[in-house]
Amino acid sequence: EGHPRTISSRRNVLWDRVSRRQWDLVDRELAELTVLVATLHIPRQSAYFAADKGNALLAAGRDADALAVLIPAQRRGQIDLAPTDIALRDLNLALAKVEARTGSLGRALDRLDRVQQSLPPLHMSRASVARIRGDLLTQAGRYREAEQALKLALEIIDADRRRTPKASASTQLLLATLHAHMGEFAHALEWAQQAGQAYSESYGPDHRLVADAQFALGAIHQQMGDRLLARAAFSEALRIRVVIYPPSDTKTEEARAKLADLGSH
């Protein structure tokens, strides 16, 4: 039962629970995976799982718990794994996100720089690092630096002949959010529409990522004063989210709140 293939399939189950924001089931999967991984005594599997666990706790808003998992795991990884090991990279990326969330943006950016330097030029992992960097800089209000990082991520993705439309979509959605913060709404709309189309074509119209793109479109239209278009986009986001998420989940509630706000004026 502790075979690596079993671990891999259980990790997929874990991320399905996280994507659906089923936090009680996430806790159950984490507990069962902890036991399975402990039976293997394989450093790389342990590092992969620690990164997964840290990211899952971060998604649930449990930043302190994520740090408690990631810091000792990253220290063990530095001893047990090669500096270029993908599992160690995943640990450092997860740790950078938590550090930024807990007020250590400079430390997080330094960590991302070290990961970037360990990767070959145009390696697809460089796109992931640049995308995370752009997201963190956007949250910090450092918009021009964020734009440079996100466009670098797109350049790396576009240079890959095996790329698919969905490969660029998450970066496009981050660019939409970034340009909305900067007041550049025409660019924001373009990026959000591209992301929404790519997600819909890749996953179908009822996927959670399509809902995220619709929510972003609604927020942009609302900032532009286009109430009807904003309502249509938020309604579509809510339609998808009520099917995917638990009734009281914050993702569902934020869409309801946006519609209520638009209807109150």
# chains A, B, ... in the order shown; residues from 1 in each chain; ligands from 1
$ residues_around --residues "A:Ala73" --least-positions-apart "2" --cutoff "12 Å" --atoms "only C-alpha atoms" --output "VMD selection string"
chain A and resid 43 to 54 66 to 71 75 to 81 87 to 92 94 to 95
$ select_by_dssp --residues "stretch 189-259 of chain A" --states "helix (DSSP H, G or I)" --output "PyMOL selection string"
chain A and resi 189-203+208-224+227-244+250-259
$ write_last_selection --atoms "C-alpha atoms" --output "PDB file, in the first residue's frame"
ATOM      1  CA  LEU A 189     -10.067  42.443 -20.029  1.00  0.00           C
ATOM      2  CA  GLU A 190      -7.994  41.003 -22.866  1.00  0.00           C
ATOM      3  CA  TRP A 191      -5.930  38.820 -20.546  1.00  0.00           C
ATOM      4  CA  ALA A 192      -8.958  37.620 -18.556  1.00  0.00           C
ATOM      5  CA  GLN A 193     -10.861  36.730 -21.730  1.00  0.00           C
ATOM      6  CA  GLN A 194      -7.907  34.776 -23.112  1.00  0.00           C
ATOM      7  CA  ALA A 195      -7.550  32.859 -19.850  1.00  0.00           C
ATOM      8  CA  GLY A 196     -11.264  32.095 -19.675  1.00  0.00           C
ATOM      9  CA  GLN A 197     -11.328  30.823 -23.249  1.00  0.00           C
ATOM     10  CA  ALA A 198      -8.271  28.612 -22.705  1.00  0.00           C
ATOM     11  CA  TYR A 199      -9.706  27.127 -19.517  1.00  0.00           C
ATOM     12  CA  SER A 200     -13.101  26.507 -21.115  1.00  0.00           C
ATOM     13  CA  GLU A 201     -11.582  24.813 -24.162  1.00  0.00           C
ATOM     14  CA  SER A 202      -9.297  22.679 -21.999  1.00  0.00           C
ATOM     15  CA  TYR A 203     -11.613  21.696 -19.136  1.00  0.00           C
ATOM     16  CA  ARG A 208     -13.551  25.955 -11.261  1.00  0.00           C
ATOM     17  CA  LEU A 209     -10.846  27.757 -13.272  1.00  0.00           C
ATOM     18  CA  VAL A 210     -13.477  29.014 -15.713  1.00  0.00           C
ATOM     19  CA  ALA A 211     -15.318  30.372 -12.669  1.00  0.00           C
ATOM     20  CA  ASP A 212     -12.142  32.125 -11.515  1.00  0.00           C
ATOM     21  CA  ALA A 213     -11.753  33.746 -14.938  1.00  0.00           C
ATOM     22  CA  GLN A 214     -15.403  34.821 -14.927  1.00  0.00           C
ATOM     23  CA  PHE A 215     -14.992  36.290 -11.447  1.00  0.00           C
ATOM     24  CA  ALA A 216     -11.944  38.237 -12.628  1.00  0.00           C
ATOM     25  CA  LEU A 217     -13.917  39.526 -15.622  1.00  0.00           C
ATOM     26  CA  GLY A 218     -16.720  40.596 -13.307  1.00  0.00           C
ATOM     27  CA  ALA A 219     -14.329  42.494 -11.062  1.00  0.00           C
ATOM     28  CA  ILE A 220     -12.798  44.290 -14.052  1.00  0.00           C
ATOM     29  CA  HIS A 221     -16.200  45.245 -15.482  1.00  0.00           C
ATOM     30  CA  GLN A 222     -17.267  46.477 -12.052  1.00  0.00           C
ATOM     31  CA  GLN A 223     -14.190  48.681 -11.773  1.00  0.00           C
ATOM     32  CA  MET A 224     -14.995  50.078 -15.229  1.00  0.00           C
ATOM     33  CA  ARG A 227     -22.715  46.915 -14.094  1.00  0.00           C
ATOM     34  CA  LEU A 228     -24.609  44.664 -16.526  1.00  0.00           C
ATOM     35  CA  LEU A 229     -21.467  42.948 -17.784  1.00  0.00           C
ATOM     36  CA  ALA A 230     -20.162  42.641 -14.233  1.00  0.00           C
ATOM     37  CA  ARG A 231     -23.408  41.028 -13.082  1.00  0.00           C
ATOM     38  CA  ALA A 232     -23.373  38.568 -15.986  1.00  0.00           C
ATOM     39  CA  ALA A 233     -19.803  37.478 -15.218  1.00  0.00           C
ATOM     40  CA  PHE A 234     -20.358  37.179 -11.446  1.00  0.00           C
ATOM     41  CA  SER A 235     -23.558  35.207 -12.073  1.00  0.00           C
ATOM     42  CA  GLU A 236     -21.678  32.746 -14.268  1.00  0.00           C
ATOM     43  CA  ALA A 237     -18.942  32.409 -11.632  1.00  0.00           C
ATOM     44  CA  LEU A 238     -21.578  31.741  -8.961  1.00  0.00           C
ATOM     45  CA  ARG A 239     -23.400  29.211 -11.164  1.00  0.00           C
ATOM     46  CA  ILE A 240     -20.234  27.135 -11.418  1.00  0.00           C
ATOM     47  CA  ARG A 241     -19.076  27.588  -7.848  1.00  0.00           C
ATOM     48  CA  VAL A 242     -22.311  26.470  -6.162  1.00  0.00           C
ATOM     49  CA  VAL A 243     -21.910  23.120  -7.918  1.00  0.00           C
ATOM     50  CA  ILE A 244     -18.237  22.647  -7.056  1.00  0.00           C
ATOM     51  CA  THR A 250     -15.707  31.665   0.789  1.00  0.00           C
ATOM     52  CA  LYS A 251     -15.370  31.259  -2.998  1.00  0.00           C
ATOM     53  CA  THR A 252     -19.135  30.908  -3.312  1.00  0.00           C
ATOM     54  CA  GLU A 253     -19.856  33.635  -0.794  1.00  0.00           C
ATOM     55  CA  GLU A 254     -17.612  36.182  -2.511  1.00  0.00           C
ATOM     56  CA  ALA A 255     -19.549  35.734  -5.773  1.00  0.00           C
ATOM     57  CA  ARG A 256     -22.864  36.120  -3.931  1.00  0.00           C
ATOM     58  CA  ALA A 257     -21.568  39.223  -2.173  1.00  0.00           C
ATOM     59  CA  LYS A 258     -20.516  40.810  -5.467  1.00  0.00           C
ATOM     60  CA  LEU A 259     -23.973  40.218  -6.949  1.00  0.00           C
TER      61      LEU A 259
END
$ closest_residue --among "A:His181, A:Leu40, A:Ser170, A:Ile7" --to "A:Leu154" --atoms "only C-alpha atoms"
A:Ser170
$ closest_residue --among "A:Ala60, A:Gly204, A:Pro121, A:Arg11" --to "A:Asp24" --atoms "only C-alpha atoms"
A:Ala60
$ closest_residue --among "A:Asp113, A:Asp206, A:Asp261, A:Glu155" --to "A:Ala167" --atoms "only C-alpha atoms"
A:Glu155
$ closest_residue --among "A:Arg161, A:Pro72, A:Ala260, A:Leu150" --to "A:Arg126" --atoms "only C-alpha atoms"
A:Leu150
$ atom_distance --atom1 "atom CA of A:Asn12" --atom2 "atom CA of A:Ala169"
21.0 Å
$ closest_residue --among "A:Phe185, A:Ala159, A:Lys97, A:Ala153" --to "A:Leu136" --atoms "only C-alpha atoms"
A:Lys97
$ atom_distance --atom1 "atom CA of A:Asp135" --atom2 "atom CA of A:Leu174"
6.6 Å
$ closest_residue --among "A:Thr6, A:Thr171, A:Gln22, A:Ser128" --to "A:Val115" --atoms "only C-alpha atoms"
A:Ser128
